[in-house]
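K.L.:
Structure file model-v5.txt, compact mmCIF, C-alpha atoms, is pasted below:
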```txt
# COMPACT_ATOMS: atom_id res chain seq x y z
CA MET A 21 47.56 14.51 -0.03
CA SER A 22 46.50 12.63 3.08
CA GLU A 23 43.20 14.54 3.01
CA LEU A 24 42.64 13.39 -0.60
CA LEU A 25 43.35 9.78 0.32
CA SER A 26 40.98 10.09 3.22
CA ASP A 27 38.26 11.41 0.88
CA GLU A 28 38.84 8.55 -1.54
CA ARG A 29 38.53 6.05 1.29
CA ARG A 30 35.32 7.68 2.50
CA LEU A 31 33.82 7.67 -0.99
CA ALA A 32 34.75 4.01 -1.46
CA ALA A 33 33.18 3.15 1.90
CA ALA A 34 30.04 5.13 1.03
CA ARG A 35 29.75 3.27 -2.26
CA ARG A 36 30.10 -0.11 -0.53
CA HIS A 37 27.43 0.82 2.02
CA LEU A 38 25.13 1.99 -0.78
CA GLU A 39 25.52 -1.33 -2.60
CA ILE A 40 24.44 -3.29 0.45
CA GLY A 41 21.65 -0.91 1.42
CA HIS A 42 23.21 0.65 4.54
CA TYR A 43 21.98 4.11 3.66
CA GLU A 44 22.58 5.82 6.98
CA ARG A 45 26.19 4.69 6.91
CA VAL A 46 26.56 6.18 3.41
CA LEU A 47 25.57 9.56 4.81
CA GLU A 48 27.90 9.09 7.79
CA ALA A 49 30.81 8.28 5.49
CA LEU A 50 30.09 11.33 3.33
CA SER A 51 29.76 13.68 6.27
CA GLY A 52 33.53 13.89 6.83
CA LEU A 53 34.48 14.89 3.27
CA ASN A 54 36.26 18.14 2.56
CA PRO A 55 33.87 20.81 1.16
CA GLU A 56 35.11 20.56 -2.42
CA THR A 57 34.65 16.79 -2.63
CA ALA A 58 31.35 17.01 -0.77
CA ALA A 59 29.92 19.27 -3.51
CA ASP A 60 31.17 17.02 -6.33
CA ALA A 61 28.58 15.46 -8.69
CA TYR A 62 29.66 11.91 -7.82
CA THR A 63 29.31 12.59 -4.10
CA MET A 64 25.89 14.13 -4.70
CA ARG A 65 24.85 11.00 -6.55
CA LEU A 66 25.87 8.78 -3.62
CA ARG A 67 24.19 11.14 -1.17
CA GLY A 68 21.03 11.37 -3.27
CA PHE A 69 20.63 7.60 -3.68
CA ALA A 70 21.18 7.16 0.07
CA HIS A 71 18.40 9.67 0.80
CA ALA A 72 16.17 7.89 -1.72
CA GLY A 73 16.93 4.59 0.04
CA LEU A 74 15.78 6.21 3.29
CA ASP A 75 12.56 7.41 1.58
CA ASP A 76 13.65 11.04 1.98
CA PHE A 77 12.86 12.11 -1.56
CA ASP A 78 13.00 15.86 -0.90
CA SER A 79 16.67 15.54 0.10
CA ALA A 80 17.31 13.11 -2.78
CA ALA A 81 15.95 15.63 -5.31
CA GLU A 82 17.95 18.41 -3.67
CA ALA A 83 21.19 16.39 -3.89
CA ALA A 84 20.49 15.48 -7.53
CA ARG A 85 19.85 19.10 -8.46
CA ALA A 86 23.01 20.24 -6.64
CA GLY A 87 25.08 17.67 -8.55
CA LEU A 88 23.51 18.64 -11.88
CA VAL A 89 24.79 22.21 -11.51
CA ASP A 90 28.31 20.97 -12.33
CA GLU A 91 27.33 17.97 -14.47
CA PRO A 92 24.04 18.77 -16.25
CA ASP A 93 24.26 15.63 -18.42
CA ASP A 94 25.04 13.17 -15.62
CA ILE A 95 22.68 10.28 -16.40
CA GLY A 96 22.84 8.86 -12.87
CA LEU A 97 21.79 12.17 -11.34
CA LEU A 98 19.01 12.71 -13.89
CA TYR A 99 17.74 9.18 -13.25
CA LEU A 100 17.82 9.81 -9.48
CA LEU A 101 15.99 13.12 -9.93
CA SER A 102 13.29 11.38 -11.95
CA ILE A 103 12.80 8.75 -9.22
CA ALA A 104 12.66 11.42 -6.51
CA GLU A 105 10.23 13.65 -8.40
CA ILE A 106 7.84 10.75 -8.96
CA ARG A 107 7.74 10.20 -5.21
CA ARG A 108 7.27 13.93 -4.66
CA HIS A 109 4.26 13.74 -7.04
CA ASP A 110 5.79 16.18 -9.51
CA LEU A 111 5.39 14.09 -12.65
CA PRO A 112 6.28 16.83 -15.19
CA ALA A 113 9.60 17.35 -13.34
CA ALA A 114 10.17 13.57 -13.32
CA GLU A 115 9.49 13.45 -17.05
CA GLN A 116 11.78 16.40 -17.74
CA ALA A 117 14.63 14.74 -15.83
CA ILE A 118 14.34 11.35 -17.51
CA LEU A 119 13.95 12.92 -20.96
CA ALA A 120 17.17 14.86 -20.33
CA ALA A 121 18.88 11.53 -19.55
CA LEU A 122 17.36 9.94 -22.65
CA ALA A 123 18.62 12.85 -24.76
CA VAL A 124 22.12 11.58 -23.86
CA GLU A 125 21.36 7.83 -24.11
CA PRO A 126 18.12 7.41 -26.15
CA GLU A 127 18.34 3.61 -26.42
CA ASP A 128 19.20 2.82 -22.80
CA PRO A 129 16.64 0.21 -21.69
CA GLU A 130 16.74 1.14 -17.99
CA LEU A 131 16.15 4.81 -18.80
CA LEU A 132 13.30 3.87 -21.15
CA ALA A 133 11.80 1.72 -18.39
CA GLN A 134 12.06 4.62 -15.95
CA TYR A 135 10.27 6.89 -18.42
CA ALA A 136 7.60 4.21 -18.79
CA LYS A 137 7.16 4.32 -14.98
CA VAL A 138 6.61 8.08 -15.12
CA LEU A 139 4.00 7.58 -17.87
CA MET A 140 2.31 4.80 -15.90
CA GLN A 141 1.97 7.14 -12.94
CA ALA A 142 0.38 9.67 -15.29
CA GLY A 143 -2.01 7.02 -16.62
CA GLN A 144 -0.48 7.02 -20.13
CA LEU A 145 -0.38 3.25 -20.40
CA ASP A 146 -0.33 2.97 -24.21
CA LYS A 147 2.73 5.17 -24.56
CA ALA A 148 4.40 3.32 -21.67
CA GLU A 149 3.80 0.04 -23.47
CA ARG A 150 5.34 1.31 -26.69
CA LEU A 151 8.41 2.54 -24.79
CA LEU A 152 8.75 -0.80 -23.06
CA GLY A 153 8.64 -2.44 -26.48
CA HIS A 154 11.76 -0.46 -27.38
CA ALA A 155 13.38 -1.20 -24.02
CA ALA A 156 12.74 -4.95 -24.32
CA ALA A 157 14.08 -4.95 -27.88
CA ALA A 158 17.24 -3.13 -26.73
CA ASN A 159 17.88 -5.57 -23.87
CA PRO A 160 15.60 -8.60 -23.61
CA ASP A 161 17.42 -9.75 -20.45
CA SER A 162 16.91 -6.60 -18.39
CA SER A 163 15.18 -7.45 -15.12
CA GLN A 164 14.22 -3.82 -14.63
CA VAL A 165 12.41 -3.73 -17.98
CA LEU A 166 10.65 -6.98 -17.12
CA GLU A 167 9.60 -5.66 -13.70
CA THR A 168 8.16 -2.56 -15.36
CA ARG A 169 6.26 -4.73 -17.85
CA ILE A 170 4.81 -6.68 -14.92
CA MET A 171 3.61 -3.46 -13.31
CA LEU A 172 2.10 -2.33 -16.61
CA ALA A 173 0.19 -5.62 -16.90
CA VAL A 174 -1.12 -5.12 -13.35
CA LEU A 175 -2.27 -1.58 -14.15
CA ARG A 176 -4.03 -2.89 -17.26
CA HIS A 177 -5.81 -5.41 -15.01
CA ASP A 178 -4.17 -8.19 -17.01
CA ASP A 179 -3.33 -10.36 -13.99
CA ARG A 180 -2.72 -13.45 -16.08
CA ARG A 181 0.00 -11.71 -18.05
CA ALA A 182 1.44 -10.19 -14.86
CA LYS A 183 1.67 -13.68 -13.36
CA ALA A 184 3.35 -15.13 -16.46
CA LEU A 185 5.91 -12.30 -16.54
CA SER A 186 6.54 -12.61 -12.79
CA GLU A 187 7.19 -16.33 -13.20
CA GLU A 188 9.57 -15.50 -16.03
CA LEU A 189 11.37 -13.05 -13.76
CA LEU A 190 11.73 -15.71 -11.07
CA ALA A 191 12.92 -18.26 -13.63
CA ARG A 192 15.67 -15.85 -14.61
CA ASP A 193 16.46 -14.82 -11.06
CA PRO A 194 15.06 -17.18 -8.40
CA ASP A 195 16.05 -14.67 -5.70
CA SER A 196 14.10 -11.82 -7.24
CA VAL A 197 12.30 -10.06 -4.42
CA SER A 198 9.96 -8.11 -6.68
CA GLY A 199 8.99 -11.31 -8.52
CA GLN A 200 8.03 -13.00 -5.24
CA GLN A 201 6.24 -9.87 -4.07
CA MET A 202 4.21 -9.59 -7.25
CA LEU A 203 3.28 -13.28 -7.26
CA GLY A 204 2.27 -12.93 -3.60
CA ALA A 205 -0.05 -10.04 -4.44
CA LEU A 206 -1.48 -11.93 -7.42
CA ASP A 207 -2.01 -15.06 -5.31
CA TRP A 208 -3.93 -12.96 -2.80
CA ASN A 209 -6.03 -11.46 -5.62
CA ARG A 210 -7.00 -15.05 -6.45
CA GLY A 211 -7.90 -15.65 -2.80
CA ASP A 212 -4.97 -18.05 -2.29
CA ALA A 213 -3.82 -16.75 1.11
CA ARG A 214 -1.57 -19.74 1.83
CA SER A 215 0.51 -19.34 -1.30
CA ALA A 216 0.58 -15.55 -0.89
CA SER A 217 1.86 -16.00 2.66
CA ARG A 218 4.70 -18.23 1.43
CA ARG A 219 5.68 -15.69 -1.22
CA PHE A 220 5.74 -12.78 1.23
CA ALA A 221 7.73 -14.89 3.71
CA GLU A 222 10.36 -15.39 0.97
CA VAL A 223 10.52 -11.62 0.53
CA VAL A 224 11.03 -11.13 4.27
CA ARG A 225 13.75 -13.81 4.31
CA ALA A 226 15.57 -11.91 1.53
CA ASP A 227 15.11 -8.54 3.24
CA PRO A 228 14.19 -8.73 6.94
CA THR A 229 13.87 -4.92 7.06
CA ASP A 230 10.94 -4.91 4.59
CA HIS A 231 8.12 -4.11 7.03
CA ASP A 232 5.41 -3.96 4.35
CA ALA A 233 6.24 -7.49 3.22
CA ALA A 234 6.36 -8.66 6.85
CA ASP A 235 2.87 -7.19 7.44
CA SER A 236 1.57 -8.84 4.26
CA ALA A 237 3.12 -12.18 5.28
CA ARG A 238 1.51 -11.99 8.72
CA THR A 239 -1.90 -10.96 7.41
CA THR A 240 -2.05 -13.57 4.66
CA ARG A 241 -0.86 -16.27 7.08
CA ARG A 242 -3.74 -15.42 9.43
CA LEU A 243 -6.18 -15.24 6.56
CA SER A 244 -5.21 -18.74 5.46
CA ASN A 245 -7.02 -19.96 8.59
CA PRO A 246 -10.25 -21.77 7.53
CA LEU A 247 -12.21 -19.38 9.76
CA TRP A 248 -11.63 -16.55 7.28
CA TRP A 249 -12.65 -18.36 4.07
CA PRO A 250 -15.43 -15.84 3.32
CA THR A 251 -12.83 -13.06 3.18
CA ARG A 252 -10.89 -15.13 0.66
CA VAL A 253 -14.01 -15.57 -1.47
CA PHE A 254 -14.46 -11.79 -1.62
CA ALA A 255 -10.76 -11.32 -2.41
CA ARG A 256 -10.98 -13.91 -5.19
CA PHE A 257 -14.16 -12.79 -6.93
CA GLY A 258 -14.62 -9.22 -5.71
CA ALA A 259 -17.55 -7.87 -3.73
CA GLY A 260 -19.69 -7.04 -6.78
CA PRO A 261 -19.62 -10.42 -8.53
CA SER A 262 -20.01 -12.21 -5.16
CA TRP A 263 -23.16 -10.21 -4.48
CA ILE A 264 -24.50 -10.90 -7.98
CA VAL A 265 -24.08 -14.66 -7.52
CA ALA A 266 -25.56 -14.55 -4.02
CA VAL A 267 -28.59 -12.47 -5.02
CA ALA A 268 -29.18 -14.59 -8.14
CA THR A 269 -29.01 -17.77 -6.05
CA ILE A 270 -31.32 -16.51 -3.29
CA PHE A 271 -33.93 -15.04 -5.66
CA GLY A 272 -33.55 -17.93 -8.13
CA LEU A 273 -34.32 -20.53 -5.45
CA GLN A 274 -37.26 -18.43 -4.31
CA ALA A 275 -38.59 -18.15 -7.88
CA LEU A 276 -38.39 -21.97 -8.18
CA GLY A 277 -40.53 -22.29 -5.05
CA LEU A 278 -37.61 -23.64 -2.97
CA ASN A 279 -38.21 -21.23 -0.12
CA THR A 280 -36.38 -23.23 2.56
CA LEU A 281 -33.24 -23.55 0.44
CA SER A 282 -33.48 -19.85 -0.43
CA MET A 283 -33.67 -19.02 3.27
CA ILE A 284 -30.63 -21.23 4.03
CA ALA A 285 -28.69 -19.55 1.20
CA ALA A 286 -29.63 -16.13 2.58
CA VAL A 287 -28.47 -17.06 6.10
CA ILE A 288 -25.15 -18.43 4.77
CA TRP A 289 -24.70 -15.28 2.71
CA VAL A 290 -25.34 -12.98 5.68
CA ALA A 291 -22.88 -15.02 7.78
CA MET A 292 -20.26 -14.70 5.02
CA CYS A 293 -20.77 -10.94 4.85
CA VAL A 294 -20.53 -10.52 8.62
CA SER A 295 -17.40 -12.71 8.73
CA SER A 296 -15.72 -10.71 5.97
CA TRP A 297 -16.62 -7.39 7.65
CA ILE A 298 -15.17 -8.61 10.96
CA GLY A 299 -12.11 -9.94 9.12
CA ALA A 300 -11.58 -6.63 7.32
CA ALA A 301 -11.87 -4.67 10.59
CA VAL A 302 -9.58 -7.04 12.51
CA PHE A 303 -6.86 -7.10 9.87
CA ARG A 304 -7.06 -3.36 9.23
CA GLU A 305 -6.40 -2.71 12.91
CA LYS A 306 -3.44 -5.06 12.91
CA MET B 27 13.08 -18.60 -20.71
CA ARG B 28 12.36 -15.33 -22.43
CA SER B 29 9.09 -13.57 -23.07
CA GLU B 30 7.96 -12.29 -26.42
CA PRO B 31 8.22 -8.55 -26.95
CA PRO B 32 5.23 -6.77 -25.45
CA PRO B 33 2.26 -6.36 -27.78
CA GLY B 34 2.22 -3.11 -29.67
CA ALA B 35 6.01 -2.85 -29.73
CA PRO B 36 6.90 0.21 -31.84
CA ALA B 37 8.70 0.21 -35.13
CA PRO B 38 12.24 1.62 -35.19
CA GLY B 39 12.20 5.36 -35.77
CA GLU B 40 9.19 5.84 -33.54
CA LEU B 41 11.39 6.50 -30.56
CA ASP B 42 11.91 10.20 -31.34
CA GLU B 43 8.19 10.73 -31.26
CA LEU B 44 7.87 8.81 -27.99
CA LEU B 45 10.57 10.90 -26.33
CA ARG B 46 8.50 14.08 -26.46
CA PRO B 47 7.04 15.35 -23.18
CA THR B 48 3.36 14.57 -22.71
CA VAL B 49 2.88 14.54 -18.94
CA LYS B 50 0.86 17.32 -17.33
CA GLN B 51 0.69 18.07 -13.63
CA ARG B 52 -2.44 16.79 -11.95
CA GLU B 53 -3.39 17.51 -8.40
CA GLU B 54 -3.75 14.41 -6.28
CA PRO B 55 -7.40 14.31 -5.16
CA SER B 56 -7.79 14.73 -1.42
CA GLY B 57 -10.58 14.72 1.15
CA SER B 58 -14.05 14.33 -0.34
CA LYS B 59 -12.63 14.64 -3.88
CA ARG B 60 -10.97 11.21 -3.67
CA PRO B 61 -12.45 8.44 -5.85
CA TRP B 62 -14.64 5.71 -4.40
CA GLN B 63 -13.96 1.98 -4.23
CA LEU B 64 -15.19 0.45 -7.47
CA SER B 65 -16.79 -2.52 -5.72
CA SER B 66 -18.91 -0.17 -3.56
CA GLN B 67 -20.65 1.06 -6.70
CA PHE B 68 -22.31 -2.34 -6.95
CA TYR B 69 -24.67 -1.47 -4.11
CA VAL B 70 -25.77 1.71 -5.87
CA ALA B 71 -26.41 -0.25 -9.07
CA PHE B 72 -28.38 -2.84 -7.11
CA PHE B 73 -30.63 -0.37 -5.32
CA GLY B 74 -30.62 2.48 -7.86
CA GLY B 75 -30.68 0.55 -11.14
CA ALA B 76 -29.07 1.86 -14.34
CA VAL B 77 -29.68 5.52 -13.46
CA GLY B 78 -28.06 5.25 -10.02
CA ALA B 79 -25.11 3.28 -11.43
CA THR B 80 -24.57 5.85 -14.19
CA ILE B 81 -24.63 8.81 -11.79
CA ILE B 82 -22.11 7.31 -9.40
CA ALA B 83 -19.87 5.91 -12.17
CA LEU B 84 -19.74 9.28 -13.97
CA LEU B 85 -18.89 11.11 -10.75
CA ASN B 86 -16.18 8.57 -9.98
CA ALA B 87 -14.83 8.75 -13.54
CA THR B 88 -14.32 12.50 -13.06
CA ARG B 89 -12.51 11.87 -9.77
CA LEU B 90 -10.29 9.29 -11.44
CA GLY B 91 -9.50 11.75 -14.24
CA LEU B 92 -10.84 9.51 -17.01
CA PRO B 93 -10.72 11.11 -20.47
CA ALA B 94 -13.95 12.49 -21.97
CA GLN B 95 -14.21 9.58 -24.41
CA LYS B 96 -14.42 7.04 -21.60
CA ARG B 97 -16.92 9.16 -19.69
CA TRP B 98 -19.08 9.24 -22.82
CA MET B 99 -18.80 5.45 -22.98
CA ILE B 100 -20.10 5.22 -19.40
CA ALA B 101 -22.94 7.60 -20.27
CA ALA B 102 -23.76 5.51 -23.38
CA ILE B 103 -23.93 2.33 -21.28
CA GLY B 104 -26.16 4.21 -18.85
CA VAL B 105 -28.52 5.27 -21.65
CA ALA B 106 -28.58 1.70 -22.96
CA GLY B 107 -29.39 0.53 -19.43
CA ILE B 108 -32.26 3.02 -19.13
CA ILE B 109 -33.67 1.92 -22.52
CA ALA B 110 -33.36 -1.73 -21.43
CA THR B 111 -35.14 -0.89 -18.16
CA ALA B 112 -37.96 0.81 -20.11
CA LEU B 113 -38.28 -2.21 -22.39
CA VAL B 114 -38.42 -4.53 -19.37
CA ILE B 115 -41.09 -2.38 -17.72
CA ALA B 116 -43.18 -2.19 -20.91
CA GLY B 117 -42.71 -5.89 -21.67
CA VAL B 118 -43.28 -7.38 -18.21
CA GLY B 119 -45.76 -4.88 -16.79
CA LEU B 120 -47.30 -5.03 -13.34
CA ASP B 121 -47.64 -8.22 -11.33
CA ASP B 122 -51.04 -9.91 -11.09
CA ASP B 123 -51.67 -8.16 -7.79
CA GLY B 124 -50.95 -4.76 -9.41
CA THR B 125 -47.54 -4.25 -7.77
CA THR B 126 -44.11 -3.61 -9.34
CA GLY B 127 -42.25 -6.48 -7.63
CA THR B 128 -41.01 -8.22 -10.79
CA ILE B 129 -40.02 -5.09 -12.70
CA ARG B 130 -38.17 -3.79 -9.63
CA ILE B 131 -36.08 -6.98 -9.50
CA LEU B 132 -35.47 -6.93 -13.26
CA GLY B 133 -34.58 -3.23 -13.07
CA ARG B 134 -31.93 -4.14 -10.52
CA VAL B 135 -30.60 -6.88 -12.77
CA VAL B 136 -30.33 -4.41 -15.67
CA GLY B 137 -28.63 -1.89 -13.36
CA VAL B 138 -26.07 -4.43 -12.17
CA VAL B 139 -25.33 -5.60 -15.74
CA ALA B 140 -24.89 -1.97 -16.87
CA TRP B 141 -22.62 -1.34 -13.90
CA GLY B 142 -20.50 -4.33 -15.02
CA GLY B 143 -19.66 -2.45 -18.24
CA MET B 144 -18.96 0.75 -16.32
CA TYR B 145 -16.69 -1.17 -13.94
CA LEU B 146 -14.62 -2.48 -16.87
CA ILE B 147 -14.14 1.07 -18.16
CA GLN B 148 -13.03 2.42 -14.77
CA ARG B 149 -10.89 -0.44 -13.46
CA SER B 150 -7.56 0.34 -15.14
CA ALA B 151 -7.74 4.02 -14.11
CA ASP B 152 -8.63 2.84 -10.62
CA ARG B 153 -5.47 0.72 -10.43
CA VAL B 154 -3.36 3.57 -11.78
CA TYR B 155 -4.85 5.81 -9.08
CA ALA B 156 -4.12 3.24 -6.36
CA TYR B 157 -0.57 2.81 -7.74
CA ARG B 158 0.05 6.56 -7.69
CA SER B 159 -1.63 7.42 -4.41
CA SER B 160 0.49 7.67 -1.29
CA ALA B 161 -2.43 8.36 1.06
CA ASP B 162 -3.19 5.96 3.91
CA GLU B 163 -6.87 6.08 2.94
CA PRO B 164 -6.82 6.67 -0.83
CA TYR B 165 -10.58 6.22 -1.25
CA ALA B 166 -13.39 8.43 0.02
CA PRO B 167 -16.37 6.88 1.84
CA MET B 168 -19.39 6.61 -0.46
CA TRP B 169 -22.26 6.66 2.03
CA GLY B 170 -23.80 10.06 1.24
CA PRO B 171 -23.33 10.16 -2.53
CA GLY B 172 -24.10 6.43 -2.80
CA ILE B 173 -27.41 6.67 -0.94
CA ALA B 174 -28.36 9.83 -2.87
CA ALA B 175 -27.59 8.20 -6.24
CA ALA B 176 -29.48 5.05 -5.25
CA LEU B 177 -32.53 7.09 -4.19
CA VAL B 178 -32.48 9.16 -7.40
CA GLY B 179 -32.08 5.98 -9.45
CA ALA B 180 -34.93 4.20 -7.66
CA ALA B 181 -37.18 7.24 -8.04
CA ALA B 182 -36.31 7.50 -11.74
CA GLN B 183 -37.14 3.82 -12.21
CA LEU B 184 -40.47 4.28 -10.42
CA GLY B 185 -41.21 7.38 -12.50
CA LEU B 186 -40.44 5.46 -15.69
CA ALA B 187 -42.80 2.70 -14.61
CA GLY B 188 -45.47 5.30 -13.85
CA VAL B 189 -45.11 6.89 -17.29
CA LEU B 190 -45.02 3.60 -19.20
CA LEU B 191 -47.70 1.75 -17.28
CA GLY B 192 -49.95 4.63 -16.37
CA GLU B 193 -50.42 3.44 -12.83
CA VAL B 194 -48.08 1.97 -10.27
CA GLY B 195 -49.12 -0.21 -7.36
```
With the file now loaded, output its structure as structure tokens.
P.N.:
Amino acid sequence: MSELLSDERRLAAARRHLEIGHYERVLEALSGLNPETAADAYTMRLRGFAHAGLDDFDSAAEAARAGLVDEPDDIGLLYLLSIAEIRRHDLPAAEQAILAALAVEPEDPELLAQYAKVLMQAGQLDKAERLLGHAAAANPDSSQVLETRIMLAVLRHDDRRAKALSEELLARDPDSVSGQQMLGALDWNRGDARSASRRFAEVVRADPTDHDAADSARTTRRLSNPLWWPTRVFARFGAGPSWIVAVATIFGLQALGLNTLSMIAAVIWVAMCVSSWIGAAVFREK
Amino acid sequence: MRSEPPPGAPAPGELDELLRPTVKQREEPSGSKRPWQLSSQFYVAFFGGAVGATIIALLNATRLGLPAQKRWMIAAIGVAGIIATALVIAGVGLDDDGTTGTIRILGRVVGVVAWGGMYLIQRSADRVYAYRSSADEPYAPMWGPGIAAALVGAAAQLGLAGVLLGEVG
């Protein structure tokens, strides 16, 4: 009896740690369970999500599969398996897992959004969009569905739509980390390093352990220095279009007989290129 | 504040059809089989004209796993670019001093414009690839293939000028 109570306490502690993102503590709490409870589907779900939180997707998939032996229709385990298999680059296995979950709950918007993510990874954007249409109709307030729609817009190169949806996400949930992160990335795509830096700093404030966001915040803060404006021009317009404009300007001035101006434009252009190459090398090293 | 449903939202009853498996396993390209940065293709288009741009875009489309229909679209743009280059060569002809300076510049312009269309076809697949890839360096360097495609494109353009104008200075 006391052993059972102890297991219940450990499971409750593990669940609390999982909710606040203390994944190593989840695994510590689960390590003292008796063998029967440790092999239980619910325990496997907690263990699997903790491994996923620690980016150990092999162990997460293993835990999900172990739990599914006893509970083959456990939606949480199937969802976890789908997430893990995506990260293990086994998209057919990820699809199989999420379709098994959808066979139990076909209208669940979060499951539909997860299937859309699998399809997006496979490049099937049209089908993903149709699924997200169903998901959004089933629950128009789901942040997860909205986040997936933002990612779909990004993959379609529809940055304007991605920005509008990200702003909608932040209007609904001003603390949304993914909304800030997406707007930061979109700001940088527009060459607005200052705004991007602010967005990434917000992400770091919300989650100080997010090293990628911290790196992005640092880099964009440095790039907002006037010295690096050529790098921002390339980020805003892309290398190809920037070259087209530069070449058209240099040759156009030359064709008009304005050789001195053409020469000045060429020198400025070379300086911009050199500055952006130095900037790229410096920031890649950091 | 709530967004409208995404465009192309399906009618009820379509869900059963959507919940059928369609994903096939695809090996993640590695080493020299990785795609190239889309923006790097600009240089090939600039120096190699429509032919160079088409070669490098078709090779990259294969690396990105673009469907055959989109690869045909790239090829069609390439053919249109080559026809446009031929028209430019025939229409403008040699410079007064007997050189090909003007048609070389216009050939580059046609190549860059053609590449613009090829870029639009590849860009969504490129983002999907970047989204999926977990590699530190997801893109392969394009020096060798890029220079080769640019040289072939420039030679093709010169050959076209030779055929259409009879002599090239």
K.L.:
Interatomic distance between CA of Leu186 in chain B and CA of Asp123 in chain B?
P.N.:
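These two atoms are separated by 19.3 Å.
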K.L.:
Select from range 35-142 of chain B every residue with an atom at most 10 Å from any atom of range 260-267 of chain A, then for each give the shortest pair of atoms and their distance in Å to one decimal, using only C-alpha atoms, rows by chain and rising number, as CSV.
P.N.:
```
residue,atom,partner,partner_atom,distance
B:Leu64,CA,A:Gly260,CA,8.8
B:Ser65,CA,A:Gly260,CA,5.5
B:Ser66,CA,A:Gly260,CA,7.6
B:Gln67,CA,A:Gly260,CA,8.2
B:Phe68,CA,A:Gly260,CA,5.4
B:Tyr69,CA,A:Gly260,CA,7.9
B:Ala71,CA,A:Gly260,CA,9.8
B:Phe72,CA,A:Ile264,CA,9.0
B:Val135,CA,A:Ile264,CA,8.7
B:Val138,CA,A:Ile264,CA,7.9
B:Val139,CA,A:Ile264,CA,9.4
B:Trp141,CA,A:Gly260,CA,9.6
B:Gly142,CA,A:Gly260,CA,8.7
```
K.L.:
With a distance cut-off of 12 Å and only C-alpha atoms, select the neighbouring residues of range 291-296 of chain A, excluding the residue or stretch itself and same-chain residues fewer than 2 positions from it, and output the selection as a ChimeraX atom specification.
P.N.:
/A:243,246-255,258-259,262-263,266,284-289,298-304
K.L.:
Figure out the distance between CA of Ala234 in chain A and CA of Phe220 in chain A, please, to one decimal in Å.
P.N.:
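Separation of CA of Phe220 in chain A and CA of Ala234 in chain A: 7.0 Å.
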K.L.:
Identify all chain A residues at most 8 Å from chain B by counting only C-alpha atoms; ligands do not count. Present them as an MDAnalysis selection string.
P.N.:
chainID A and resid 110:112 115:116 119 122 139:143 147 149:154 156:157 160:161 169 174:177 185 188 191:192 258:260 264
K.L.:
Suppose we keep C-alpha atoms; can you now write the selection as a JSON list (two decimals), keeping the file's coordinate frame?
P.N.:
```
[["chain", "number", "residue", "atom", "x", "y", "z"],
["A", 110, "ASP", "CA", 5.79, 16.18, -9.51],
["A", 111, "LEU", "CA", 5.39, 14.09, -12.65],
["A", 112, "PRO", "CA", 6.28, 16.83, -15.19],
["A", 115, "GLU", "CA", 9.49, 13.45, -17.05],
["A", 116, "GLN", "CA", 11.78, 16.40, -17.74],
["A", 119, "LEU", "CA", 13.95, 12.92, -20.96],
["A", 122, "LEU", "CA", 17.36, 9.94, -22.65],
["A", 139, "LEU", "CA", 4.00, 7.58, -17.87],
["A", 140, "MET", "CA", 2.31, 4.80, -15.90],
["A", 141, "GLN", "CA", 1.97, 7.14, -12.94],
["A", 142, "ALA", "CA", 0.38, 9.67, -15.29],
["A", 143, "GLY", "CA", -2.01, 7.02, -16.62],
["A", 147, "LYS", "CA", 2.73, 5.17, -24.56],
["A", 149, "GLU", "CA", 3.80, 0.04, -23.47],
["A", 150, "ARG", "CA", 5.34, 1.31, -26.69],
["A", 151, "LEU", "CA", 8.41, 2.54, -24.79],
["A", 152, "LEU", "CA", 8.75, -0.80, -23.06],
["A", 153, "GLY", "CA", 8.64, -2.44, -26.48],
["A", 154, "HIS", "CA", 11.76, -0.46, -27.38],
["A", 156, "ALA", "CA", 12.74, -4.95, -24.32],
["A", 157, "ALA", "CA", 14.08, -4.95, -27.88],
["A", 160, "PRO", "CA", 15.60, -8.60, -23.61],
["A", 161, "ASP", "CA", 17.42, -9.75, -20.45],
["A", 169, "ARG", "CA", 6.26, -4.73, -17.85],
["A", 174, "VAL", "CA", -1.12, -5.12, -13.35],
["A", 175, "LEU", "CA", -2.27, -1.58, -14.15],
["A", 176, "ARG", "CA", -4.03, -2.89, -17.26],
["A", 177, "HIS", "CA", -5.81, -5.41, -15.01],
["A", 185, "LEU", "CA", 5.91, -12.30, -16.54],
["A", 188, "GLU", "CA", 9.57, -15.50, -16.03],
["A", 191, "ALA", "CA", 12.92, -18.26, -13.63],
["A", 192, "ARG", "CA", 15.67, -15.85, -14.61],
["A", 258, "GLY", "CA", -14.62, -9.22, -5.71],
["A", 259, "ALA", "CA", -17.55, -7.87, -3.73],
["A", 260, "GLY", "CA", -19.69, -7.04, -6.78],
["A", 264, "ILE", "CA", -24.50, -10.90, -7.98]]
```
K.L.:
List the neighbours of range 162-179 of chain B out to 8 Å using only C-alpha atoms; skip same-chain residues closer than 6 positions along the sequence, and give me the result as a list of chain:residue names.
P.N.:
B:Gly57, B:Ser58, B:Lys59, B:Arg60, B:Pro61, B:Trp62, B:Gln63, B:Ser66, B:Gln67, B:Val70, B:Ala71, B:Phe73, B:Gly74, B:Gly75, B:Ala76, B:Val77, B:Gly78, B:Ala79, B:Ile81, B:Ile82, B:Ala156
K.L.:
What gap, in Å, lies between CA of Ala114 in chain A and CA of Ala86 in chain A?
P.N.:
15.9 Å
K.L.:
Give me the residues within 9 Å of Leu131 in chain A as a PyMOL selection string, counting only C-alpha atoms and dropping any in the same chain fewer than 2 places off.
P.N.:
chain A and resi 95+99+118-119+121-122+125-129+133-136+155
